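structure.cif (mmCIF, C-alpha atoms) appears below.
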data_final
loop_
_atom_site.label_atom_id
_atom_site.label_comp_id
_atom_site.auth_asym_id
_atom_site.auth_seq_id
_atom_site.Cartn_x
_atom_site.Cartn_y
_atom_site.Cartn_z
CA MET A 1 6.42 36.08 -55.98
CA ALA A 2 9.61 35.03 -57.75
CA ALA A 3 9.52 38.22 -59.79
CA ALA A 4 9.86 40.22 -56.61
CA LEU A 5 13.10 38.43 -55.74
CA GLY A 6 14.73 39.66 -58.92
CA ARG A 7 13.94 40.06 -62.56
CA ARG A 8 15.62 39.28 -65.82
CA VAL A 9 16.47 42.74 -67.00
CA THR A 10 16.60 43.07 -70.77
CA GLY A 11 16.97 45.97 -73.12
CA PRO A 12 17.61 46.90 -76.74
CA VAL A 13 20.88 45.91 -78.29
CA ASP A 14 22.02 45.60 -81.88
CA ALA A 15 22.30 42.18 -83.48
CA SER A 16 26.07 42.15 -83.30
CA GLY A 17 26.07 42.51 -79.54
CA GLY A 18 27.77 45.89 -79.88
CA TRP A 19 28.29 46.72 -76.24
CA GLN A 20 31.94 47.05 -77.22
CA ASP A 21 31.41 50.66 -78.29
CA ALA A 22 30.91 51.54 -74.62
CA LEU A 23 34.24 49.89 -73.73
CA PRO A 24 36.72 50.81 -76.47
CA GLU A 25 39.79 50.07 -74.36
CA LEU A 26 38.72 46.98 -72.44
CA GLY A 27 39.99 44.47 -74.95
CA ARG A 28 43.48 45.91 -74.68
CA ARG A 29 44.03 46.12 -70.94
CA LEU A 30 42.08 45.10 -67.86
CA PRO A 31 42.69 46.86 -64.53
CA ARG A 32 44.66 44.87 -61.98
CA TRP A 33 41.62 44.34 -59.74
CA ALA A 34 39.87 42.39 -62.51
CA GLY A 35 42.07 39.39 -61.66
CA ASP A 36 41.28 39.38 -57.93
CA ASP A 37 38.36 37.14 -57.04
CA ARG A 38 37.12 39.25 -54.14
CA LEU A 39 37.55 42.57 -55.90
CA ALA A 40 35.81 41.15 -58.96
CA MET A 41 32.70 40.41 -56.89
CA LEU A 42 32.79 43.94 -55.48
CA ALA A 43 33.00 45.24 -59.01
CA TRP A 44 29.92 43.27 -59.99
CA SER A 45 28.02 44.74 -57.07
CA ARG A 46 28.40 48.09 -58.83
CA LEU A 47 28.12 46.96 -62.43
CA ALA A 48 24.73 45.24 -61.96
CA GLU A 49 21.61 46.14 -60.00
CA PRO A 50 20.50 43.77 -57.21
CA GLU A 51 17.47 42.74 -59.27
CA ASP A 52 19.49 41.68 -62.31
CA LEU A 53 19.19 37.89 -62.40
CA VAL A 54 20.92 37.75 -65.78
CA ALA A 55 24.03 39.17 -64.15
CA LYS A 56 23.70 36.82 -61.19
CA GLY A 57 23.56 33.81 -63.47
CA PHE A 58 26.33 35.11 -65.74
CA VAL A 59 28.74 35.57 -62.82
CA ALA A 60 27.72 32.40 -60.97
CA ALA A 61 28.37 30.26 -64.05
CA ARG A 62 31.76 31.77 -64.92
CA GLY A 63 33.15 33.26 -61.73
CA GLY A 64 33.67 36.96 -61.08
CA CYS A 65 37.02 37.32 -62.84
CA ALA A 66 36.09 35.35 -65.94
CA ALA A 67 32.83 37.26 -66.18
CA LEU A 68 34.74 40.57 -66.11
CA GLU A 69 37.13 39.28 -68.77
CA ARG A 70 34.20 38.35 -71.01
CA LEU A 71 32.64 41.75 -70.44
CA ALA A 72 35.91 43.36 -71.55
CA SER A 73 36.38 41.18 -74.59
CA PRO A 74 35.74 42.85 -77.97
CA ALA A 75 34.55 39.59 -79.51
CA PRO A 76 30.82 39.43 -80.32
CA VAL A 77 28.75 37.02 -78.27
CA SER A 78 27.78 33.91 -80.15
CA ALA A 79 25.13 31.36 -79.36
CA SER A 80 27.81 28.70 -78.86
CA GLU A 81 29.15 30.34 -75.72
CA CYS A 82 25.76 30.65 -74.02
CA LEU A 83 25.49 28.21 -71.15
CA PRO A 84 22.37 26.11 -70.55
CA GLY A 85 19.51 28.36 -69.53
CA GLU A 86 21.13 31.52 -70.93
CA SER A 87 19.41 33.53 -73.64
CA LEU A 88 21.65 35.01 -76.31
CA ALA A 89 19.51 38.15 -76.57
CA ALA A 90 19.39 38.62 -72.78
CA LEU A 91 23.14 38.08 -72.50
CA ARG A 92 23.91 40.63 -75.21
CA ALA A 93 21.58 43.14 -73.58
CA GLY A 94 23.17 42.47 -70.21
CA LEU A 95 26.69 43.02 -71.47
CA ALA A 96 25.63 46.35 -72.97
CA ARG A 97 23.96 47.32 -69.72
CA TRP A 98 26.89 46.41 -67.48
CA ALA A 99 29.39 48.07 -69.81
CA GLY A 100 27.69 51.38 -69.22
CA ARG A 101 28.96 51.41 -65.61
CA TRP A 102 32.47 50.25 -66.33
CA GLN A 103 34.09 53.68 -66.19
CA GLU A 104 32.70 54.37 -62.72
CA THR A 105 33.62 50.94 -61.33
CA ASP A 106 36.60 50.85 -59.01
CA PRO A 107 36.27 48.23 -56.26
CA GLU A 108 39.58 49.23 -54.67
CA ARG A 109 38.21 52.75 -54.18
CA ASP A 110 34.92 51.42 -52.81
CA LEU A 111 36.69 49.06 -50.43
CA ALA A 112 38.94 51.84 -49.19
CA ARG A 113 35.90 54.04 -48.61
CA VAL A 114 34.08 51.49 -46.48
CA GLN A 115 37.24 50.57 -44.58
CA ALA A 116 37.78 54.24 -43.76
CA LEU A 117 34.42 54.07 -41.98
CA GLY A 118 35.53 51.03 -40.02
CA GLY A 119 33.54 48.73 -42.28
CA ARG A 120 34.23 45.63 -44.31
CA VAL A 121 32.87 43.44 -47.09
CA VAL A 122 31.37 39.99 -46.62
CA LEU A 123 31.26 37.54 -49.54
CA ASP A 124 29.66 34.17 -50.04
CA GLY A 125 31.98 31.63 -48.42
CA ASP A 126 33.07 33.98 -45.63
CA THR A 127 32.19 32.89 -42.10
CA GLU A 128 30.05 36.02 -41.71
CA TRP A 129 27.84 35.20 -44.70
CA PRO A 130 24.29 34.56 -43.42
CA GLY A 131 23.28 31.00 -44.23
CA ARG A 132 19.64 31.81 -45.04
CA LEU A 133 20.75 33.83 -48.07
CA GLY A 134 20.93 30.49 -49.85
CA LEU A 135 17.11 30.50 -49.82
CA LEU A 136 17.24 33.23 -52.47
CA ASN A 137 18.23 30.52 -54.95
CA GLY A 138 20.25 32.56 -57.41
CA GLY A 139 19.17 35.96 -56.13
CA GLU A 140 21.96 36.21 -53.58
CA PRO A 141 23.86 39.50 -53.48
CA PHE A 142 27.27 39.74 -55.07
CA ALA A 143 28.63 41.20 -51.85
CA LEU A 144 27.51 42.67 -48.55
CA TRP A 145 28.97 45.97 -47.41
CA VAL A 146 28.94 46.02 -43.63
CA ARG A 147 29.57 48.51 -40.84
CA GLY A 148 29.51 47.53 -37.19
CA PRO A 149 31.32 45.37 -34.61
CA VAL A 150 28.91 42.41 -34.59
CA ASP A 151 29.39 39.20 -36.56
CA LEU A 152 26.72 39.27 -39.28
CA ALA A 153 26.07 35.53 -39.46
CA ALA A 154 25.84 35.23 -35.69
CA ALA A 155 23.48 38.20 -35.48
CA CYS A 156 21.17 36.73 -38.11
CA GLU A 157 21.16 33.21 -36.72
CA ARG A 158 18.42 33.98 -34.15
CA SER A 159 16.65 37.06 -35.38
CA ALA A 160 13.33 38.54 -36.36
CA ALA A 161 12.50 41.23 -38.87
CA VAL A 162 10.28 43.90 -37.28
CA VAL A 163 8.85 46.06 -40.06
CA GLY A 164 5.90 48.29 -40.74
CA ALA A 165 4.54 51.60 -41.88
CA ARG A 166 6.62 54.72 -42.21
CA ALA A 167 3.61 56.82 -41.19
CA ALA A 168 3.20 54.79 -38.02
CA THR A 169 0.89 55.71 -35.18
CA ALA A 170 2.02 55.99 -31.58
CA TYR A 171 0.53 52.53 -31.07
CA GLY A 172 2.63 51.02 -33.86
CA GLU A 173 5.86 52.60 -32.69
CA ARG A 174 5.22 51.55 -29.09
CA ILE A 175 4.54 47.92 -30.06
CA ALA A 176 7.57 47.81 -32.38
CA ALA A 177 9.88 49.11 -29.67
CA SER A 178 8.40 46.72 -27.10
CA ILE A 179 8.90 43.71 -29.36
CA ALA A 180 12.50 44.73 -30.06
CA VAL A 181 13.21 45.15 -26.35
CA GLY A 182 11.76 41.71 -25.66
CA LEU A 183 13.77 40.14 -28.47
CA GLY A 184 16.92 41.76 -27.14
CA ASP A 185 16.25 40.58 -23.59
CA ALA A 186 15.92 37.05 -24.98
CA GLY A 187 19.22 37.29 -26.85
CA ALA A 188 17.66 37.66 -30.31
CA THR A 189 18.47 40.25 -32.97
CA THR A 190 16.04 42.77 -34.45
CA VAL A 191 16.39 43.27 -38.21
CA SER A 192 14.73 46.18 -39.99
CA GLY A 193 15.17 48.73 -42.76
CA ALA A 194 15.99 51.94 -40.84
CA ALA A 195 12.96 53.72 -42.34
CA LEU A 196 10.80 56.21 -40.50
CA GLY A 197 8.04 54.91 -38.26
CA VAL A 198 8.02 51.26 -37.25
CA ASP A 199 11.55 50.49 -38.51
CA GLY A 200 13.14 53.30 -36.54
CA ALA A 201 11.18 52.40 -33.39
CA ALA A 202 12.34 48.78 -33.68
CA HIS A 203 16.00 49.77 -33.96
CA ARG A 204 15.66 52.15 -31.01
CA GLY A 205 14.01 49.46 -28.90
CA ALA A 206 16.85 47.03 -29.56
CA LEU A 207 19.46 49.66 -28.75
CA ALA A 208 17.63 50.54 -25.54
CA ALA A 209 17.83 46.88 -24.53
CA GLY A 210 21.56 46.83 -25.25
CA ALA A 211 20.93 44.22 -27.93
CA PRO A 212 22.24 43.94 -31.49
CA THR A 213 20.13 45.24 -34.35
CA VAL A 214 20.73 45.06 -38.10
CA ALA A 215 19.73 47.94 -40.38
CA VAL A 216 19.52 46.90 -44.03
CA LEU A 217 19.79 49.88 -46.38
CA ALA A 218 18.73 50.50 -49.97
CA CYS A 219 21.73 52.80 -50.42
CA GLY A 220 25.41 52.72 -49.57
CA VAL A 221 26.40 52.20 -45.94
CA ASP A 222 28.18 55.55 -46.04
CA ARG A 223 24.87 57.37 -46.52
CA ALA A 224 22.20 58.16 -43.96
CA TYR A 225 18.75 57.60 -45.39
CA PRO A 226 16.47 59.04 -44.30
CA ALA A 227 18.64 61.99 -43.30
CA SER A 228 16.73 62.38 -40.04
CA HIS A 229 18.05 58.97 -38.98
CA GLN A 230 21.69 59.97 -39.17
CA ARG A 231 22.20 59.70 -35.41
CA LEU A 232 20.23 56.45 -35.25
CA LEU A 233 22.30 54.84 -38.01
CA ARG A 234 25.49 56.00 -36.33
CA ALA A 235 24.34 54.31 -33.11
CA VAL A 236 23.42 51.13 -34.99
CA ALA A 237 26.83 51.09 -36.68
CA GLU A 238 28.50 51.45 -33.28
CA GLU A 239 26.51 48.73 -31.47
CA GLY A 240 24.96 46.60 -34.19
CA LEU A 241 25.27 46.39 -37.97
CA VAL A 242 24.47 48.55 -40.98
CA VAL A 243 24.37 46.43 -44.15
CA SER A 244 23.83 47.00 -47.87
CA GLU A 245 24.38 45.03 -51.06
CA VAL A 246 25.14 48.16 -53.10
CA PRO A 247 28.55 49.87 -52.87
CA PRO A 248 29.34 53.04 -50.93
CA GLY A 249 27.93 56.18 -52.50
CA SER A 250 24.94 54.37 -54.05
CA SER A 251 21.66 56.28 -53.99
CA PRO A 252 18.42 55.00 -52.40
CA MET A 253 16.52 54.41 -55.64
CA ARG A 254 12.89 53.29 -55.43
CA ARG A 255 13.54 49.90 -57.02
CA ARG A 256 16.32 49.15 -54.54
CA PHE A 257 13.92 49.18 -51.61
CA LEU A 258 12.07 46.10 -52.84
CA GLN A 259 15.37 44.31 -53.33
CA ARG A 260 16.48 45.46 -49.88
CA ASN A 261 13.31 43.89 -48.46
CA ARG A 262 14.29 40.45 -49.73
CA LEU A 263 17.50 40.70 -47.68
CA ILE A 264 15.56 41.71 -44.57
CA ALA A 265 13.38 38.63 -45.02
CA ALA A 266 16.30 36.28 -45.75
CA PHE A 267 18.41 37.55 -42.85
CA SER A 268 15.63 36.83 -40.36
CA GLY A 269 14.22 33.69 -38.81
CA ALA A 270 10.76 35.26 -38.90
CA THR A 271 9.17 38.47 -40.18
CA VAL A 272 6.63 40.45 -38.18
CA VAL A 273 4.60 43.33 -39.57
CA VAL A 274 3.64 45.61 -36.69
CA GLU A 275 1.53 48.18 -38.47
CA ALA A 276 0.84 48.59 -42.18
CA GLY A 277 -1.68 50.22 -44.45
CA TRP A 278 -3.40 48.33 -47.23
CA ARG A 279 -0.53 48.96 -49.69
CA SER A 280 2.37 49.34 -47.29
CA GLY A 281 5.79 48.38 -48.63
CA SER A 282 6.33 46.25 -45.52
CA LEU A 283 3.79 43.79 -46.93
CA SER A 284 6.33 42.98 -49.65
CA THR A 285 8.80 41.91 -46.96
CA ALA A 286 6.16 39.60 -45.51
CA GLY A 287 5.36 38.20 -48.95
CA LEU A 288 9.02 37.59 -49.69
CA ALA A 289 9.44 35.80 -46.35
CA LEU A 290 6.49 33.56 -47.20
CA ASP A 291 8.04 32.83 -50.61
CA LEU A 292 11.21 31.76 -48.82
CA GLY A 293 9.26 29.43 -46.52
CA LEU A 294 9.87 31.54 -43.42
CA PRO A 295 7.21 32.28 -40.78
CA VAL A 296 5.32 35.56 -40.85
CA GLY A 297 3.44 37.24 -38.04
CA ALA A 298 1.25 40.33 -37.91
CA VAL A 299 0.18 42.50 -35.00
CA PRO A 300 -3.55 43.26 -34.93
CA GLY A 301 -4.73 46.81 -34.49
CA PRO A 302 -8.04 48.61 -34.13
CA VAL A 303 -10.44 47.47 -36.84
CA THR A 304 -11.19 51.13 -37.56
CA SER A 305 -7.53 52.06 -38.14
CA PRO A 306 -6.34 52.37 -41.77
CA SER A 307 -2.82 51.93 -40.39
CA SER A 308 -3.60 48.32 -39.51
CA GLU A 309 -5.47 47.30 -42.66
CA GLY A 310 -2.38 45.63 -44.09
CA CYS A 311 -1.82 43.61 -40.90
CA HIS A 312 -5.42 42.42 -40.92
CA ARG A 313 -5.02 41.54 -44.58
CA LEU A 314 -2.03 39.37 -43.68
CA LEU A 315 -3.92 37.71 -40.84
CA ARG A 316 -6.75 36.80 -43.20
CA SER A 317 -4.12 35.33 -45.56
CA GLY A 318 -2.62 33.01 -42.98
CA ALA A 319 -0.08 35.08 -41.05
CA VAL A 320 0.21 34.27 -37.35
CA CYS A 321 -1.31 36.73 -34.92
CA VAL A 322 1.38 38.04 -32.55
CA THR A 323 0.91 40.48 -29.71
CA GLY A 324 4.35 40.65 -28.13
CA ALA A 325 7.95 39.52 -28.13
CA ALA A 326 7.22 36.13 -26.57
CA GLU A 327 4.99 35.16 -29.50
CA VAL A 328 7.53 36.50 -32.01
CA LEU A 329 10.19 34.31 -30.40
CA GLN A 330 7.93 31.30 -30.88
CA LEU A 331 8.06 31.99 -34.61
CA VAL A 332 11.82 32.50 -34.56
CA ASP A 333 12.46 29.33 -32.59
CA ALA A 334 9.84 27.34 -34.54
CA LEU A 335 7.94 26.52 -31.36
CA ALA A 336 4.31 25.57 -31.16
CA PRO A 337 2.14 28.43 -29.89
CA ASP A 338 1.10 28.42 -26.27
CA PRO A 339 -2.07 26.44 -25.60
CA VAL A 340 -5.17 28.48 -24.94
CA ARG A 341 -4.82 29.87 -21.46
CA GLU A 342 -7.36 28.42 -19.05
CA ALA A 343 -8.94 30.26 -16.15
CA PRO A 344 -7.35 29.50 -12.77
CA ALA A 345 -8.87 26.53 -10.97
CA ARG A 346 -11.73 27.46 -8.64
CA PRO A 347 -13.03 25.49 -5.64
CA HIS A 348 -16.43 24.87 -7.22
CA ASP A 349 -14.97 23.64 -10.55
CA GLY A 350 -16.05 20.06 -11.23
CA LEU A 351 -19.32 20.17 -9.32
CA ASP A 352 -22.19 18.17 -10.76
CA PRO A 353 -25.50 19.90 -11.62
CA VAL A 354 -27.13 19.01 -8.28
CA GLN A 355 -24.17 20.33 -6.32
CA VAL A 356 -24.22 23.54 -8.37
CA ALA A 357 -27.95 23.97 -7.70
CA VAL A 358 -27.41 23.64 -3.95
CA LEU A 359 -24.41 25.97 -4.03
CA ASP A 360 -26.45 28.57 -5.89
CA ALA A 361 -29.19 28.26 -3.26
CA LEU A 362 -26.85 28.96 -0.34
CA PRO A 363 -26.98 32.54 0.93
CA LEU A 364 -23.83 34.59 1.31
CA ALA A 365 -24.67 36.06 4.71
CA SER A 366 -27.51 34.67 6.83
CA ALA A 367 -27.96 30.92 7.08
CA ARG A 368 -30.97 28.96 5.78
CA PRO A 369 -32.45 25.70 6.92
CA VAL A 370 -32.17 22.61 4.74
CA GLU A 371 -35.83 22.72 3.80
CA ARG A 372 -35.58 26.28 2.44
CA ILE A 373 -32.39 25.47 0.54
CA ALA A 374 -34.17 22.52 -1.09
CA VAL A 375 -37.07 24.71 -2.19
CA THR A 376 -34.74 27.33 -3.69
CA ALA A 377 -32.68 24.66 -5.45
CA GLY A 378 -35.76 22.80 -6.70
CA LEU A 379 -34.73 19.57 -5.00
CA ALA A 380 -36.29 17.14 -2.57
CA ALA A 381 -35.33 17.95 1.03
CA VAL A 382 -33.98 14.44 1.54
CA ASP A 383 -31.42 14.92 -1.28
CA VAL A 384 -29.89 18.12 0.08
CA PRO A 385 -28.02 17.07 3.30
CA PRO A 386 -25.46 14.78 1.58
CA VAL A 387 -24.79 17.51 -0.98
CA LEU A 388 -24.25 20.05 1.78
CA ARG A 389 -21.80 17.74 3.51
CA GLU A 390 -19.81 17.36 0.25
CA LEU A 391 -19.81 21.12 -0.28
CA SER A 392 -18.63 21.54 3.30
CA ARG A 393 -15.80 19.09 2.67
CA ARG A 394 -14.74 21.18 -0.30
CA GLY A 395 -14.81 24.35 1.77
CA LEU A 396 -17.76 25.81 -0.11
CA ALA A 397 -20.49 25.52 2.55
CA ALA A 398 -20.50 26.21 6.28
CA ARG A 399 -22.98 24.92 8.90
CA VAL A 400 -24.13 27.34 11.57
CA SER A 401 -26.59 26.85 14.44
CA ASP A 402 -29.72 27.67 12.44
CA GLY A 403 -28.83 26.30 9.03
CA TRP A 404 -26.32 26.50 6.16
CA ARG A 405 -24.57 29.29 4.26
CA ARG A 406 -21.68 29.65 1.86
CA ALA A 407 -18.24 29.43 3.34
CA PRO A 408 -16.39 32.77 3.31
CA LEU A 409 -14.02 33.23 0.33
CA GLY A 410 -11.13 35.61 -0.29
CA PRO A 411 -12.15 38.87 -1.96
CA ARG A 412 -10.48 38.05 -5.26
CA GLU A 413 -11.95 34.55 -5.46
CA GLY A 414 -15.35 35.80 -4.52
CA ALA A 415 -15.28 38.44 -7.25
CA HIS A 416 -14.10 35.84 -9.77
CA ARG A 417 -16.91 33.52 -8.76
CA GLU A 418 -19.50 36.25 -9.14
CA TRP A 419 -18.24 36.99 -12.67
CA ALA A 420 -17.88 33.37 -13.71
CA GLY A 421 -21.06 31.98 -12.27
CA GLY A 422 -23.47 34.87 -12.55
CA PRO A 423 -25.56 36.46 -9.80
CA ARG A 424 -26.05 34.53 -6.60
CA ALA A 425 -29.00 34.25 -4.23
#
Would you mind writing the structure in this file as structure tokens?
Amino acid sequence: MAAALGRRVTGPVDASGGWQDALPELGRRLPRWAGDDRLAMLAWSRLAEPEDLVAKGFVAARGGCAALERLASPAPVSASECLPGESLAALRAGLARWAGRWQETDPERDLARVQALGGRVVLDGDTEWPGRLGLLNGGEPFALWVRGPVDLAAACERSAAVVGARAATAYGERIAASIAVGLGDAGATTVSGAALGVDGAAHRGALAAGAPTVAVLACGVDRAYPASHQRLLRAVAEEGLVVSEVPPGSSPMRRRFLQRNRLIAAFSGATVVVEAGWRSGSLSTAGLALDLGLPVGAVPGPVTSPSSEGCHRLLRSGAVCVTGAAEVLQLVDALAPDPVREAPARPHDGLDPVQVAVLDALPLASARPVERIAVTAGLAAVDVPPVLRELSRRGLAARVSDGWRRAPLGPREGAHREWAGGPRA
């Protein structure tokens, strides 16, 4: 699913590489921010879309400032300056594409806008940069725009993505909130996308537990999307983190949601899909997590529910079945799943077939003589007394004046025995 992590965007361009027409003044004077390494990376977060791997490679090979200088240069691009792996046609198309946003690019303005909201920017190399972003292997964001008091790297270190359908059922929202509460109680972070349905329920669950939660947006961190989650996002920004790779003011375009999903997957130690239809967008987050080599879980639902078809599809494809926060934490902490739970030990466990036959022949109330017990059990009378003595030693049989009966059991144990062993004589 490498194409989902980013794509090499190309487009028409004339043979001379004439993106210069879009930047008539760039060759004469660059703005002062073009020489600042950090501001240059913020500029690139506006100049190029998150999916643009040509831009990622162009900047990674040259550095943010040098890449801006080349973008501003009026000289045509020649094959000789293409680095290994770069296509001349793709590079020319990229320069034309990025030039189109030059006039609206002002990283100092964007930085001031996010700082006015109490936010900040996090770049690769900063202590807050989440380490798992390296799994994106060239698809890392240019910058992360962040609001909230929590350290981003620390929050992502032990975390799980809890995602699912926007049109969630009450069941899906309840399970999502419960998992988030359990993660929070265990000191883990809930990561999600702040969408309606499962995402919103997960964020609310984490907040209710007083635990950090990370909302990853497909728009600028200064925008509330969806609008109905304005209060929720404000609460997340106050107690957790709101994060985006696109600058303030950016719109929630459809294509940015898929790119946002790759960040949700890379931020998290595991991804869990709580409820999803057959074509739910949350399945892309699970697929991206699998591509990154991270564990994926899915919550089963009613087999008749269309809202759980996507989860069942994941389970058939190898996702781990999870039913609560404890099992999600096993994925996060890379623990082996709990062994199959065994029934509690019962006094008659371990009896041999003859002992079981005699036990089955013992009445619950009135006593029977040895001879009658032998007939009921289908045994010779001479073989029954030693078995009765062993059952008595185990507390399963009691001798009374006129014969033998079962020893009295507690009500719970007796009910369990009746269920486990079938009807008794």
Nearest to A:Thr213, chosen from A:Ala170, A:Leu292, A:Leu152, A:Leu396, with all atoms listed in the file counted in the distances: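 Among the listed residues, A:Leu152 lies closest to A:Thr213.
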Residue nearest A:Val320 - candidates A:Pro212, A:Gly269, A:Gly297, A:Pro50, atoms counted: all atoms listed in the file: A:Gly297
Answer key for the PyMOL selection byres ((chain A and resi 376) around 12), residues as a PyMOL selection string: chain A and resi 357-363+368-375+377-381+384+424-425
Atom-to-atom span, atom CA of A:Phe142 and atom CA of A:Pro295, Å: 25.7 Å
Selection under test: the PyMOL selection byres ((chain A and resi 177) around 6); residues as a ChimeraX atom specification: /A:174-176,178-180,201-202,205
Expected selection from the PyMOL selection byres ((chain A and resi 305-314) around 8), given as a ChimeraX atom specification: /A:165,168-169,273-280,283,298-304,315-319
Hey, what's within 9 Å of A:Trp33 if we count all atoms listed in the file and toss same-chain stuff fewer than 6 positions away? As a CSV table (one decimal) with C-alpha atoms, in the coordinates of the input, please?
chain,number,residue,atom,x,y,z
A,39,LEU,CA,37.6,42.6,-55.9
A,40,ALA,CA,35.8,41.2,-59.0
A,43,ALA,CA,33.0,45.2,-59.0
A,65,CYS,CA,37.0,37.3,-62.8
A,106,ASP,CA,36.6,50.8,-59.0
A,107,PRO,CA,36.3,48.2,-56.3
A,108,GLU,CA,39.6,49.2,-54.7
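Proximity ranking of A:Leu136, A:Ala270, A:Ala67, A:Ala75 relative to A:Cys156 places A:Ala270 first, based on all atoms listed in the file.
Atom pair atom CA of A:Leu133 / atom CA of A:Leu263: separated by 7.6 Å.
Minimum atom-to-atom distances from A:Glu104, A:Asp383, A:Glu86, A:Asp222 to A:Trp145 were compared using only C-alpha atoms, and the lowest value belongs to A:Asp222.
Each of A:Val354, A:Ala286, A:Arg262, A:Trp98 was checked against A:Pro386 using only C-alpha atoms; the smallest atom-to-atom distance is that of A:Val354.
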Which residue of A:Leu217, A:Val236, A:Ala266, A:Ala112 approaches A:Ala153 most closely, using only C-alpha atoms: A:Ala266
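The space separating atom CA of A:Ala208 from atom CA of A:Ala227 comes to 21.2 Å.
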Distance query 12 Å from (24.7, 35.7, -59.8) using only C-alpha atoms, result as an MDAnalysis selection string: chainID A and resid 6:8 41 44:45 48:64 67 124 134 136:143
